[in-house]
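my_file_27.cif follows (mmCIF, C-alpha atoms (C1' of nucleotides)):
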```cif
data_start
#
loop_
_atom_site.label_atom_id
_atom_site.label_comp_id
_atom_site.auth_asym_id
_atom_site.auth_seq_id
_atom_site.Cartn_x
_atom_site.Cartn_y
_atom_site.Cartn_z
CA MET G 30 0.00 0.00 0.00
CA GLN G 31 2.90 2.34 0.54
CA ASN G 32 4.70 1.07 -2.50
CA ASP G 33 4.06 4.40 -4.09
CA THR G 34 6.11 6.10 -1.46
CA ALA G 35 8.87 3.59 -1.98
CA LYS G 36 8.74 4.27 -5.69
CA ILE G 37 9.04 7.97 -4.96
CA ASP G 38 11.93 7.69 -2.58
CA LYS G 39 13.85 5.39 -4.85
CA LEU G 40 12.83 5.54 -8.47
CA PRO G 41 13.22 1.99 -9.67
CA GLY G 42 15.98 1.57 -12.24
CA LYS G 43 16.35 5.32 -12.54
CA ARG G 44 18.83 7.70 -11.04
CA VAL G 45 17.81 9.72 -8.05
CA THR G 46 18.82 13.27 -8.76
CA ASN G 47 18.27 16.35 -6.67
CA GLN G 48 15.88 17.65 -9.27
CA ARG G 49 13.74 14.52 -9.11
CA ARG G 50 13.66 14.46 -5.34
CA LEU G 51 12.72 18.11 -5.29
CA LEU G 52 9.94 17.75 -7.86
CA ILE G 53 8.40 14.77 -6.10
CA ASN G 54 8.50 16.57 -2.77
CA ILE G 55 6.78 19.62 -4.17
CA LEU G 56 4.10 17.45 -5.71
CA LYS G 57 3.62 15.55 -2.48
CA GLN G 58 3.32 18.66 -0.39
CA ALA G 59 1.13 20.62 -2.79
CA ASN G 60 -2.35 21.00 -1.45
CA ARG G 61 -3.73 21.63 -4.89
CA HIS G 62 -3.09 20.18 -8.32
CA LEU G 63 -0.14 21.76 -10.04
CA ASP G 64 0.50 22.30 -13.71
CA ALA G 65 3.95 22.07 -15.24
CA ASP G 66 4.58 25.76 -14.96
CA GLU G 67 3.50 26.05 -11.34
CA LEU G 68 5.70 23.12 -10.46
CA PHE G 69 8.56 24.79 -12.30
CA SER G 70 8.11 28.07 -10.42
CA ARG G 71 8.06 26.35 -7.06
CA ALA G 72 11.07 24.24 -7.93
CA LYS G 73 13.04 27.31 -8.99
CA LEU G 74 12.68 28.77 -5.51
CA GLN G 75 14.83 25.96 -4.19
CA GLU G 76 16.86 25.11 -7.26
CA PRO G 77 17.10 28.29 -9.35
CA HIS G 78 18.92 26.52 -12.15
CA ILE G 79 16.32 23.87 -12.82
CA SER G 80 14.90 23.97 -16.31
CA LEU G 81 11.38 23.63 -17.57
CA SER G 82 12.39 20.72 -19.78
CA THR G 83 13.53 18.83 -16.73
CA VAL G 84 10.13 19.41 -15.23
CA TYR G 85 8.37 18.12 -18.33
CA ARG G 86 10.72 15.18 -18.71
CA ASN G 87 10.19 14.13 -15.13
CA LEU G 88 6.46 14.66 -15.14
CA ARG G 89 6.33 12.23 -17.99
CA LEU G 90 8.58 9.81 -16.14
CA PHE G 91 6.55 9.98 -12.94
CA LYS G 92 3.37 9.52 -14.89
CA ASP G 93 4.79 6.47 -16.67
CA LEU G 94 5.86 5.06 -13.32
CA GLY G 95 2.36 5.62 -12.03
CA VAL G 96 3.57 7.92 -9.27
CA ILE G 97 1.44 10.83 -10.36
CA THR G 98 -1.83 11.20 -12.17
CA GLU G 99 -2.51 13.63 -14.94
CA ARG G 100 -5.82 15.46 -14.78
CA HIS G 101 -7.66 17.82 -17.02
CA PHE G 102 -10.36 19.92 -15.49
CA ILE G 103 -11.89 23.04 -16.92
CA GLU G 104 -8.68 24.96 -17.43
CA GLU G 105 -6.64 24.60 -20.53
CA HIS G 106 -3.69 22.56 -19.42
CA HIS G 107 -2.83 19.43 -17.53
CA HIS G 108 -2.61 19.24 -13.78
CA TYR G 109 -0.75 16.67 -11.77
CA GLU G 110 -1.14 15.16 -8.36
CA VAL G 111 0.65 12.45 -6.47
CA ARG G 112 -1.32 9.24 -6.27
CA LEU G 113 -1.86 8.79 -2.56
CA LYS G 114 -4.81 6.46 -2.48
CA ALA G 115 -5.96 3.99 -5.06
CA ASP G 116 -8.90 6.10 -6.16
CA HIS G 117 -10.26 9.44 -5.25
CA HIS G 118 -12.76 11.65 -6.91
CA HIS G 119 -13.35 15.26 -7.84
CA LEU G 120 -16.07 17.86 -7.62
CA ILE G 121 -15.17 20.83 -9.80
CA CYS G 122 -16.78 24.26 -9.94
CA VAL G 123 -17.23 25.21 -13.58
CA GLU G 124 -17.29 28.87 -12.60
CA CYS G 125 -14.23 29.37 -10.41
CA GLY G 126 -12.37 26.11 -10.92
CA ARG G 127 -12.32 25.14 -7.27
CA VAL G 128 -11.71 21.42 -6.80
CA VAL G 129 -13.03 19.38 -3.90
CA GLU G 130 -11.65 15.87 -3.56
CA PHE G 131 -13.46 13.02 -1.90
CA ASP G 132 -13.30 9.26 -1.44
CA SER G 133 -15.96 6.69 -2.04
CA ASP G 134 -15.68 2.97 -1.77
CA GLN G 135 -19.00 2.65 -3.47
CA ILE G 136 -17.67 4.23 -6.64
CA ALA G 137 -14.59 2.02 -6.66
CA GLN G 138 -16.90 -0.97 -6.44
CA ILE G 139 -19.03 0.23 -9.31
CA ALA G 140 -15.91 0.82 -11.38
CA LYS G 141 -14.72 -2.71 -10.67
CA LYS G 142 -18.08 -4.15 -11.57
CA ILE G 143 -18.22 -2.29 -14.85
CA GLY G 144 -14.68 -3.32 -15.61
CA ARG G 145 -15.62 -6.93 -15.05
CA GLU G 146 -18.64 -6.63 -17.34
CA GLN G 147 -16.50 -5.20 -20.13
CA ASP G 148 -13.57 -7.52 -19.46
CA PHE G 149 -11.21 -4.68 -18.59
CA ASP G 150 -8.45 -4.80 -15.96
CA VAL G 151 -9.31 -1.64 -14.05
CA THR G 152 -6.35 0.33 -12.69
CA ASP G 153 -7.91 3.64 -11.72
CA SER G 154 -11.22 5.45 -11.52
CA ASP G 155 -12.24 9.05 -11.10
CA LEU G 156 -15.76 10.30 -10.72
CA HIS G 157 -15.55 13.78 -12.14
CA ILE G 158 -18.54 15.88 -11.09
CA GLU G 159 -19.05 19.39 -12.43
CA GLY G 160 -21.29 22.06 -11.08
CA TYR G 161 -21.48 25.37 -9.26
CA CYS G 162 -19.87 25.65 -5.87
CA PRO G 163 -21.73 27.26 -2.96
CA ARG G 164 -20.13 30.65 -3.47
CA CYS G 165 -20.55 30.81 -7.25
CA LYS G 166 -24.11 29.62 -7.24
CA LYS G 167 -24.92 32.31 -4.72
CA LEU G 168 -23.33 34.99 -6.88
CA GLY G 169 -25.81 34.01 -9.57
CA LYS G 170 -24.77 31.53 -12.17
CA ASN G 171 -27.35 32.78 -14.66
CA LYS G 172 -25.98 36.14 -15.58
CA ASP G 173 -24.44 36.03 -19.05
CA GLN G 174 -20.69 35.57 -19.03
CA MET C 9 -34.56 16.83 -23.12
CA GLN C 10 -33.88 17.40 -26.81
CA ASN C 11 -33.11 21.03 -26.25
CA ASP C 12 -29.55 20.30 -27.18
CA THR C 13 -30.57 19.34 -30.65
CA ALA C 14 -32.61 22.49 -30.96
CA LYS C 15 -29.63 24.50 -29.80
CA ILE C 16 -27.56 22.85 -32.49
CA ASP C 17 -29.99 23.44 -35.31
CA LYS C 18 -30.51 27.04 -34.39
CA LEU C 19 -27.70 28.50 -32.34
CA PRO C 20 -29.43 31.00 -30.08
CA GLY C 21 -28.47 34.59 -30.85
CA LYS C 22 -25.72 33.40 -33.14
CA ARG C 23 -25.54 33.14 -36.88
CA VAL C 24 -25.97 29.79 -38.51
CA THR C 25 -23.19 29.43 -41.03
CA ASN C 26 -22.33 26.51 -43.26
CA GLN C 27 -19.16 25.97 -41.29
CA ARG C 28 -21.06 25.69 -38.03
CA ARG C 29 -23.65 23.35 -39.43
CA LEU C 30 -20.91 21.21 -40.91
CA LEU C 31 -18.87 21.04 -37.71
CA ILE C 32 -21.86 20.13 -35.59
CA ASN C 33 -22.88 17.42 -38.03
CA ILE C 34 -19.44 15.88 -38.05
CA LEU C 35 -19.39 15.88 -34.27
CA LYS C 36 -22.85 14.35 -34.10
CA GLN C 37 -22.01 11.61 -36.56
CA ALA C 38 -18.58 10.79 -35.20
CA ASN C 39 -18.55 7.45 -33.50
CA ARG C 40 -15.51 8.37 -31.52
CA HIS C 41 -14.30 11.49 -29.76
CA LEU C 42 -12.58 13.91 -32.08
CA ASP C 43 -9.82 16.38 -31.37
CA ALA C 44 -9.60 19.76 -33.08
CA ASP C 45 -7.32 18.53 -35.79
CA GLU C 46 -9.37 15.45 -36.64
CA LEU C 47 -12.47 17.60 -36.82
CA PHE C 48 -10.61 20.00 -39.09
CA SER C 49 -9.49 17.20 -41.42
CA ARG C 50 -12.98 15.81 -41.74
CA ALA C 51 -14.46 19.24 -42.28
CA LYS C 52 -11.96 19.97 -45.04
CA LEU C 53 -13.24 17.00 -47.01
CA GLN C 54 -16.55 18.76 -47.42
CA GLU C 55 -15.46 22.37 -47.16
CA PRO C 56 -11.85 22.54 -48.36
CA HIS C 57 -11.55 26.22 -47.51
CA ILE C 58 -12.45 25.94 -43.86
CA SER C 59 -9.72 27.10 -41.54
CA LEU C 60 -8.41 25.61 -38.34
CA SER C 61 -9.15 28.84 -36.48
CA THR C 62 -12.78 28.48 -37.39
CA VAL C 63 -12.72 25.02 -35.91
CA TYR C 64 -11.17 26.25 -32.68
CA ARG C 65 -13.46 29.28 -32.46
CA ASN C 66 -16.52 27.14 -32.89
CA LEU C 67 -15.40 24.40 -30.55
CA ARG C 68 -15.13 27.06 -27.91
CA LEU C 69 -18.54 28.42 -28.81
CA PHE C 70 -20.19 25.00 -28.74
CA LYS C 71 -18.55 24.25 -25.44
CA ASP C 72 -19.78 27.53 -23.96
CA LEU C 73 -23.27 26.76 -25.20
CA GLY C 74 -23.04 23.36 -23.56
CA VAL C 75 -23.57 21.58 -26.86
CA ILE C 76 -20.36 19.61 -26.65
CA THR C 77 -18.20 18.34 -23.84
CA GLU C 78 -14.46 18.61 -23.71
CA ARG C 79 -12.63 15.53 -22.51
CA HIS C 80 -9.07 14.73 -21.74
CA PHE C 81 -8.14 11.09 -21.66
CA ILE C 82 -4.69 9.62 -21.83
CA GLU C 83 -3.67 11.27 -25.07
CA GLU C 84 -2.15 14.68 -25.12
CA HIS C 85 -4.95 16.86 -26.37
CA HIS C 86 -8.60 17.57 -25.86
CA HIS C 87 -11.34 15.53 -27.38
CA TYR C 88 -14.88 16.61 -27.98
CA GLU C 89 -18.21 14.89 -28.18
CA VAL C 90 -21.77 16.04 -28.59
CA ARG C 91 -23.76 15.87 -25.39
CA LEU C 92 -26.55 13.49 -26.18
CA LYS C 93 -27.60 12.39 -22.74
CA ALA C 94 -27.29 14.17 -19.46
CA ASP C 95 -24.49 11.98 -18.17
CA HIS C 96 -22.54 9.14 -19.56
CA HIS C 97 -19.35 7.53 -18.50
CA HIS C 98 -16.09 6.26 -19.92
CA LEU C 99 -13.90 3.22 -19.69
CA ILE C 100 -10.51 3.96 -21.26
CA CYS C 101 -7.72 1.58 -22.17
CA VAL C 102 -4.45 3.12 -21.00
CA GLU C 103 -2.57 1.05 -23.56
CA CYS C 104 -4.39 1.61 -26.85
CA GLY C 105 -6.71 4.49 -25.96
CA ARG C 106 -9.91 2.68 -26.82
CA VAL C 107 -12.92 4.29 -25.18
CA VAL C 108 -16.08 2.44 -24.17
CA GLU C 109 -19.01 4.60 -23.15
CA PHE C 110 -21.74 3.49 -20.80
CA ASP C 111 -24.69 4.81 -18.85
CA SER C 112 -25.50 4.36 -15.21
CA ASP C 113 -28.33 5.89 -13.26
CA GLN C 114 -26.65 4.74 -10.10
CA ILE C 115 -23.63 6.96 -10.73
CA ALA C 116 -25.79 9.96 -11.52
CA GLN C 117 -27.53 9.44 -8.19
CA ILE C 118 -24.26 9.22 -6.32
CA ALA C 119 -23.07 12.39 -8.02
CA LYS C 120 -26.26 14.18 -7.00
CA LYS C 121 -25.91 12.96 -3.43
CA ILE C 122 -22.31 14.12 -3.18
CA GLY C 123 -23.25 17.44 -4.71
CA ARG C 124 -25.93 17.85 -2.08
CA GLU C 125 -23.50 17.05 0.69
CA GLN C 126 -21.03 19.65 -0.54
CA ASP C 127 -23.72 22.18 -1.41
CA PHE C 128 -22.84 22.14 -5.12
CA ASP C 129 -25.33 22.52 -7.97
CA VAL C 130 -24.30 19.53 -10.06
CA THR C 131 -24.51 19.97 -13.82
CA ASP C 132 -22.57 17.00 -15.13
CA SER C 133 -20.77 13.88 -14.03
CA ASP C 134 -18.36 11.49 -15.65
CA LEU C 135 -17.03 8.32 -14.12
CA HIS C 136 -13.68 7.94 -15.81
CA ILE C 137 -12.33 4.41 -15.43
CA GLU C 138 -8.88 3.47 -16.66
CA GLY C 139 -7.49 0.04 -17.26
CA TYR C 140 -6.41 -2.49 -19.85
CA CYS C 141 -8.91 -3.55 -22.47
CA PRO C 142 -9.42 -7.24 -23.28
CA ARG C 143 -7.06 -7.17 -26.24
CA CYS C 144 -4.24 -5.22 -24.57
CA LYS C 145 -4.30 -7.21 -21.39
CA LYS C 146 -4.02 -10.37 -23.45
CA LEU C 147 -1.01 -9.01 -25.33
CA GLY C 148 0.70 -8.63 -21.99
CA LYS C 149 0.55 -5.33 -20.23
CA ASN C 150 3.77 -5.95 -18.34
CA LYS C 151 6.32 -5.67 -21.07
CA ASP C 152 8.41 -2.52 -20.73
CA GLN C 153 7.59 0.49 -22.89
"C1'" DC Q 18 34.34 5.61 -15.53
"C1'" DT Q 19 29.93 5.19 -18.01
"C1'" DG Q 20 25.77 6.36 -19.39
"C1'" DC Q 21 21.73 8.59 -17.64
"C1'" DC Q 22 20.25 13.20 -16.63
"C1'" DT Q 23 20.49 18.04 -17.00
"C1'" DG Q 24 20.40 22.95 -18.81
"C1'" DC Q 25 20.01 25.60 -22.66
"C1'" DA Q 26 18.24 26.83 -27.03
"C1'" DA Q 27 15.80 25.70 -30.86
"C1'" DA Q 28 12.08 23.07 -32.83
"C1'" DT Q 29 7.43 21.47 -32.85
"C1'" DC Q 30 2.73 21.32 -31.81
"C1'" DT Q 31 -1.56 23.39 -30.16
"C1'" DT Q 32 -4.45 27.21 -29.64
"C1'" DT Q 33 -5.44 32.20 -29.96
"C1'" DT Q 34 -5.61 36.70 -32.16
"C1'" DG Q 35 -5.55 40.81 -35.64
"C1'" DC Q 36 -7.25 42.24 -39.72
"C1'" DA Q 37 -9.72 42.85 -43.98
"C1'" DC Q 38 -13.32 40.80 -46.50
"C1'" DC Q 39 -17.75 38.16 -46.78
"C1'" DG Q 40 -22.36 36.70 -46.00
"C1'" DA Q 41 -26.52 35.69 -42.64
"C1'" DT Q 42 -30.01 38.28 -40.88
"C1'" DA J 1 -26.79 47.59 -44.90
"C1'" DT J 2 -25.00 45.86 -40.62
"C1'" DC J 3 -22.09 43.38 -37.85
"C1'" DG J 4 -20.79 38.83 -36.60
"C1'" DG J 5 -18.10 35.14 -38.84
"C1'" DT J 6 -14.43 33.63 -41.77
"C1'" DG J 7 -9.76 32.75 -43.82
"C1'" DC J 8 -5.18 33.76 -43.57
"C1'" DA J 9 -0.99 34.69 -41.36
"C1'" DA J 10 1.30 35.73 -37.44
"C1'" DA J 11 1.56 35.45 -32.35
"C1'" DA J 12 1.35 33.17 -28.14
"C1'" DG J 13 1.50 29.11 -25.27
"C1'" DA J 14 2.64 24.40 -24.24
"C1'" DT J 15 5.62 20.56 -24.81
"C1'" DT J 16 9.50 18.06 -26.96
"C1'" DT J 17 14.13 17.39 -28.72
"C1'" DG J 18 19.36 17.84 -29.89
"C1'" DC J 19 23.50 18.50 -27.94
"C1'" DA J 20 27.48 19.05 -24.89
"C1'" DG J 21 28.74 18.82 -20.32
"C1'" DG J 22 27.78 16.99 -15.29
"C1'" DC J 23 27.03 13.66 -11.77
"C1'" DA J 24 24.85 9.24 -9.73
"C1'" DG J 25 25.89 4.60 -9.49
#
```
Now that the file is in, can you turn its structure into structure tokens?
Amino acid sequence: MQNDTAKIDKLPGKRVTNQRRLLINILKQANRHLDADELFSRAKLQEPHISLSTVYRNLRLFKDLGVITERHFIEEHHHYEVRLKADHHHLICVECGRVVEFDSDQIAQIAKKIGREQDFDVTDSDLHIEGYCPRCKKLGKNKDQ
Amino acid sequence: MQNDTAKIDKLPGKRVTNQRRLLINILKQANRHLDADELFSRAKLQEPHISLSTVYRNLRLFKDLGVITERHFIEEHHHYEVRLKADHHHLICVECGRVVEFDSDQIAQIAKKIGREQDFDVTDSDLHIEGYCPRCKKLGKNKDQ
DNA sequence: CTGCCTGCAAATCTTTTGCACCGAT
DNA sequence: ATCGGTGCAAAAGATTTGCAGGCAG
């Protein structure tokens, strides 16, 4: 269950560089999903010489290793988060972009069941719910633009 | 319930151009999710002069009108599909990218319940399940690369 | 040492924008 | 006739790649 952490601390078959350790730590500590550029900015605070290509190269590596998950919400680019639990889900405000995460065993079970019906080996599931958050719906979601 | 279709046939407050009609029709008839470039290629077959900017401009318009939904699966760019039903869900093969769509009232109910708990006005939900499809898991998902 | 990883710069790919003309209403 | 929509080209943004030098194993 904490294999992920092991994978993070010692990337299997790959070299552990300062840049990689730093990037993983930032991702782990981030309380929100980061995009490549945000990750780059935060990394530069500690390692001013780090380059954006290193960030992209390692995001791809981490993703391939299954250490992080790539998400696409309402904004234009990808966001990344460390995979802490097997599955967790998202409630996204289409107005302000706020993301609320939650768990649900029930959903995981449904996902497994559907996988079985379609003969898929399920590795991950994400119930992505869109709507208006309390604040935005109060401010009136019906005014044009 | 078929307001979407009405919206497509007569874009409210917007001009109905050949390009728009064409793009909507291609999206409606596509049996898979299209990205901007695929949509552009198909449109060019019927309207060789259409430009990619027109495709992007109208994808944005359709999305704002709620006529299409933007998705991001495992590939790099956005994919679009016409919203036929209120909610439908996706099973995606992480190896070959195949997408299986399915319905589930149960999921819609869960989404509503969670929305209620978090005081969100839910407008859409998508259970996004990843895994290996029958073919890919047979070919051996464990080989490197 | 050796080869993987990095920084830098340039290349590529995706999406947006400015502008003059065109066509739906 | 008006003004929103279009095509084209150029700009802006996001991501990838080539290369020479650096450092983890």
Can you write out as CSV which residues of chain G fall within 10 Å of chain C, alongside each residue's closest atom pair and its distance in Å to one decimal, counting all atoms listed in the file and ordering rows by chain and ascending residue number?
```
residue,atom,partner,partner_atom,distance
G:Asp93,CA,C:Gln153,CA,9.1
G:Glu99,CA,C:Ile82,CA,8.3
G:Arg100,CA,C:His80,CA,7.7
G:His101,CA,C:His80,CA,5.8
G:Phe102,CA,C:His80,CA,8.2
G:Ile103,CA,C:Glu78,CA,8.5
G:Glu105,CA,C:His86,CA,9.0
G:His106,CA,C:His85,CA,9.1
G:His107,CA,C:His80,CA,8.9
G:His118,CA,C:Leu135,CA,9.0
G:His119,CA,C:Ser133,CA,9.8
G:Leu120,CA,C:Gly123,CA,7.8
G:Ile121,CA,C:Phe128,CA,9.1
G:Cys122,CA,C:Phe128,CA,8.0
G:Val123,CA,C:Thr131,CA,9.0
G:Val129,CA,C:Gln126,CA,8.7
G:Phe131,CA,C:Ile122,CA,9.0
G:Ser133,CA,C:Ile118,CA,9.7
G:Gln135,CA,C:Ile118,CA,8.9
G:Ile136,CA,C:Ile115,CA,7.7
G:Ala137,CA,C:Ile137,CA,9.4
G:Ile139,CA,C:Ile115,CA,8.3
G:Ala140,CA,C:Ile137,CA,6.5
G:Lys141,CA,C:Ile137,CA,8.9
G:Ile143,CA,C:Leu99,CA,8.5
G:Gly144,CA,C:Leu99,CA,7.7
G:Gln147,CA,C:Pro142,CA,8.0
G:Asp148,CA,C:Pro142,CA,5.6
G:Phe149,CA,C:Cys141,CA,4.6
G:Asp150,CA,C:Tyr140,CA,5.0
G:Val151,CA,C:Gly139,CA,4.1
G:Thr152,CA,C:Gly139,CA,4.7
G:Asp153,CA,C:Glu138,CA,5.0
G:Ser154,CA,C:Ile137,CA,4.2
G:Asp155,CA,C:His136,CA,5.0
G:Leu156,CA,C:Leu135,CA,4.1
G:His157,CA,C:Asp134,CA,5.0
G:Ile158,CA,C:Ser133,CA,4.2
G:Glu159,CA,C:Asp132,CA,5.0
G:Gly160,CA,C:Val130,CA,4.1
G:Tyr161,CA,C:Asp129,CA,5.0
G:Cys162,CA,C:Phe128,CA,4.7
G:Pro163,CA,C:Phe128,CA,5.7
G:Arg164,CA,C:Phe128,CA,9.1
G:Cys165,CA,C:Phe128,CA,9.2
G:Lys166,CA,C:Asp129,CA,7.2
G:Lys170,CA,C:Asp129,CA,10.0
G:Gln174,CA,C:Asp72,CA,9.5
```
Return chain C as a CSV table (one decimal) with C-alpha atoms, in the coordinates of the input, after superposing it on chain G by a least-squares fit that covers all C-alpha atoms paired in order.
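The result, written out as result32.csv:
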```
chain,number,residue,atom,x,y,z
C,9,MET,CA,-0.1,0.0,-0.2
C,10,GLN,CA,2.8,2.4,0.4
C,11,ASN,CA,4.7,1.1,-2.6
C,12,ASP,CA,4.1,4.5,-4.2
C,13,THR,CA,6.1,6.2,-1.5
C,14,ALA,CA,8.9,3.7,-1.9
C,15,LYS,CA,8.9,4.3,-5.7
C,16,ILE,CA,9.2,8.0,-5.0
C,17,ASP,CA,12.1,7.7,-2.6
C,18,LYS,CA,14.0,5.4,-4.8
C,19,LEU,CA,13.0,5.5,-8.4
C,20,PRO,CA,13.5,2.0,-9.6
C,21,GLY,CA,16.3,1.6,-12.2
C,22,LYS,CA,16.5,5.4,-12.4
C,23,ARG,CA,18.9,7.9,-10.9
C,24,VAL,CA,17.8,9.9,-8.0
C,25,THR,CA,18.8,13.5,-8.7
C,26,ASN,CA,18.2,16.6,-6.6
C,27,GLN,CA,15.8,17.8,-9.2
C,28,ARG,CA,13.7,14.7,-9.0
C,29,ARG,CA,13.6,14.6,-5.3
C,30,LEU,CA,12.6,18.3,-5.3
C,31,LEU,CA,9.8,17.9,-7.9
C,32,ILE,CA,8.3,14.9,-6.1
C,33,ASN,CA,8.4,16.7,-2.8
C,34,ILE,CA,6.7,19.7,-4.2
C,35,LEU,CA,4.0,17.5,-5.7
C,36,LYS,CA,3.5,15.6,-2.5
C,37,GLN,CA,3.2,18.8,-0.4
C,38,ALA,CA,1.0,20.7,-2.8
C,39,ASN,CA,-2.5,21.1,-1.5
C,40,ARG,CA,-3.9,21.6,-4.9
C,41,HIS,CA,-3.2,20.2,-8.3
C,42,LEU,CA,-0.3,21.8,-10.1
C,43,ASP,CA,0.4,22.3,-13.8
C,44,ALA,CA,3.8,22.1,-15.3
C,45,ASP,CA,4.4,25.8,-15.1
C,46,GLU,CA,3.3,26.1,-11.4
C,47,LEU,CA,5.6,23.2,-10.5
C,48,PHE,CA,8.4,24.8,-12.4
C,49,SER,CA,7.9,28.1,-10.5
C,50,ARG,CA,7.9,26.5,-7.2
C,51,ALA,CA,10.9,24.4,-8.0
C,52,LYS,CA,12.8,27.5,-9.1
C,53,LEU,CA,12.4,28.9,-5.6
C,54,GLN,CA,14.6,26.2,-4.2
C,55,GLU,CA,16.7,25.3,-7.3
C,56,PRO,CA,16.9,28.5,-9.4
C,57,HIS,CA,18.8,26.7,-12.2
C,58,ILE,CA,16.2,24.0,-12.8
C,59,SER,CA,14.8,24.1,-16.3
C,60,LEU,CA,11.3,23.7,-17.6
C,61,SER,CA,12.3,20.7,-19.8
C,62,THR,CA,13.5,18.9,-16.7
C,63,VAL,CA,10.1,19.5,-15.2
C,64,TYR,CA,8.3,18.1,-18.3
C,65,ARG,CA,10.7,15.2,-18.7
C,66,ASN,CA,10.2,14.2,-15.1
C,67,LEU,CA,6.4,14.7,-15.1
C,68,ARG,CA,6.3,12.2,-18.0
C,69,LEU,CA,8.6,9.8,-16.1
C,70,PHE,CA,6.5,10.0,-12.9
C,71,LYS,CA,3.4,9.5,-14.9
C,72,ASP,CA,4.8,6.4,-16.6
C,73,LEU,CA,5.9,5.1,-13.2
C,74,GLY,CA,2.4,5.6,-12.0
C,75,VAL,CA,3.6,7.9,-9.2
C,76,ILE,CA,1.4,10.8,-10.3
C,77,THR,CA,-1.9,11.2,-12.1
C,78,GLU,CA,-2.5,13.6,-14.9
C,79,ARG,CA,-5.8,15.4,-14.8
C,80,HIS,CA,-7.7,17.7,-17.1
C,81,PHE,CA,-10.4,19.8,-15.5
C,82,ILE,CA,-12.0,22.9,-17.0
C,83,GLU,CA,-8.8,24.8,-17.4
C,84,GLU,CA,-6.7,24.6,-20.5
C,85,HIS,CA,-3.8,22.5,-19.4
C,86,HIS,CA,-2.9,19.3,-17.5
C,87,HIS,CA,-2.7,19.2,-13.8
C,88,TYR,CA,-0.8,16.6,-11.8
C,89,GLU,CA,-1.2,15.1,-8.3
C,90,VAL,CA,0.6,12.4,-6.4
C,91,ARG,CA,-1.3,9.2,-6.2
C,92,LEU,CA,-1.8,8.7,-2.5
C,93,LYS,CA,-4.8,6.4,-2.5
C,94,ALA,CA,-5.9,3.9,-5.1
C,95,ASP,CA,-8.9,6.0,-6.2
C,96,HIS,CA,-10.3,9.3,-5.3
C,97,HIS,CA,-12.8,11.5,-6.9
C,98,HIS,CA,-13.3,15.2,-7.8
C,99,LEU,CA,-16.0,17.8,-7.6
C,100,ILE,CA,-15.1,20.8,-9.7
C,101,CYS,CA,-16.6,24.2,-9.9
C,102,VAL,CA,-17.1,25.2,-13.5
C,103,GLU,CA,-17.1,28.8,-12.5
C,104,CYS,CA,-14.0,29.3,-10.3
C,105,GLY,CA,-12.2,26.0,-10.8
C,106,ARG,CA,-12.2,25.0,-7.2
C,107,VAL,CA,-11.6,21.3,-6.7
C,108,VAL,CA,-12.9,19.2,-3.8
C,109,GLU,CA,-11.6,15.7,-3.5
C,110,PHE,CA,-13.4,12.9,-1.9
C,111,ASP,CA,-13.3,9.1,-1.4
C,112,SER,CA,-16.0,6.6,-2.0
C,113,ASP,CA,-15.7,2.8,-1.8
C,114,GLN,CA,-19.1,2.6,-3.5
C,115,ILE,CA,-17.7,4.2,-6.7
C,116,ALA,CA,-14.7,1.9,-6.7
C,117,GLN,CA,-17.0,-1.1,-6.5
C,118,ILE,CA,-19.1,0.2,-9.3
C,119,ALA,CA,-16.0,0.7,-11.4
C,120,LYS,CA,-14.9,-2.8,-10.7
C,121,LYS,CA,-18.3,-4.2,-11.6
C,122,ILE,CA,-18.4,-2.3,-14.9
C,123,GLY,CA,-14.8,-3.4,-15.7
C,124,ARG,CA,-15.9,-7.0,-15.1
C,125,GLU,CA,-18.8,-6.6,-17.4
C,126,GLN,CA,-16.7,-5.2,-20.2
C,127,ASP,CA,-13.8,-7.6,-19.5
C,128,PHE,CA,-11.4,-4.7,-18.6
C,129,ASP,CA,-8.7,-4.9,-16.0
C,130,VAL,CA,-9.4,-1.8,-14.1
C,131,THR,CA,-6.5,0.1,-12.7
C,132,ASP,CA,-8.0,3.5,-11.8
C,133,SER,CA,-11.3,5.3,-11.5
C,134,ASP,CA,-12.2,8.9,-11.1
C,135,LEU,CA,-15.8,10.2,-10.7
C,136,HIS,CA,-15.5,13.7,-12.1
C,137,ILE,CA,-18.5,15.8,-11.1
C,138,GLU,CA,-19.0,19.4,-12.4
C,139,GLY,CA,-21.2,22.1,-11.0
C,140,TYR,CA,-21.3,25.4,-9.2
C,141,CYS,CA,-19.7,25.6,-5.8
C,142,PRO,CA,-21.5,27.2,-2.9
C,143,ARG,CA,-19.9,30.6,-3.4
C,144,CYS,CA,-20.3,30.8,-7.2
C,145,LYS,CA,-23.9,29.7,-7.2
C,146,LYS,CA,-24.7,32.3,-4.6
C,147,LEU,CA,-23.0,35.0,-6.8
C,148,GLY,CA,-25.5,34.1,-9.5
C,149,LYS,CA,-24.4,31.6,-12.1
C,150,ASN,CA,-26.8,32.9,-14.7
C,151,LYS,CA,-25.2,36.2,-15.6
C,152,ASP,CA,-23.7,36.2,-19.1
C,153,GLN,CA,-20.0,35.7,-19.5
```
Output as CSV one row per residue of chain J within 12 Å of chain C: the closest atom pair and its distance in Å to one decimal place, counting all atoms listed in the file, sorted by chain and residue number ascending.
```
residue,atom,partner,partner_atom,distance
J:DC3,C1',C:Arg23,CA,10.8
J:DG4,C1',C:Arg23,CA,7.4
J:DG5,C1',C:Arg23,CA,7.9
J:DT6,C1',C:Thr62,CA,7.0
J:DG7,C1',C:Ser59,CA,6.1
J:DC8,C1',C:Ser59,CA,8.3
J:DA9,C1',C:Ser61,CA,11.2
J:DA14,C1',C:Glu84,CA,10.9
J:DT15,C1',C:Glu84,CA,9.7
```
Compile the residues of chain Q that lie within 8 Å of chain C, evaluated using only C-alpha atoms (C1' of nucleotides), and express the compilation as a PyMOL selection string. chain Q and resi 32+41-42
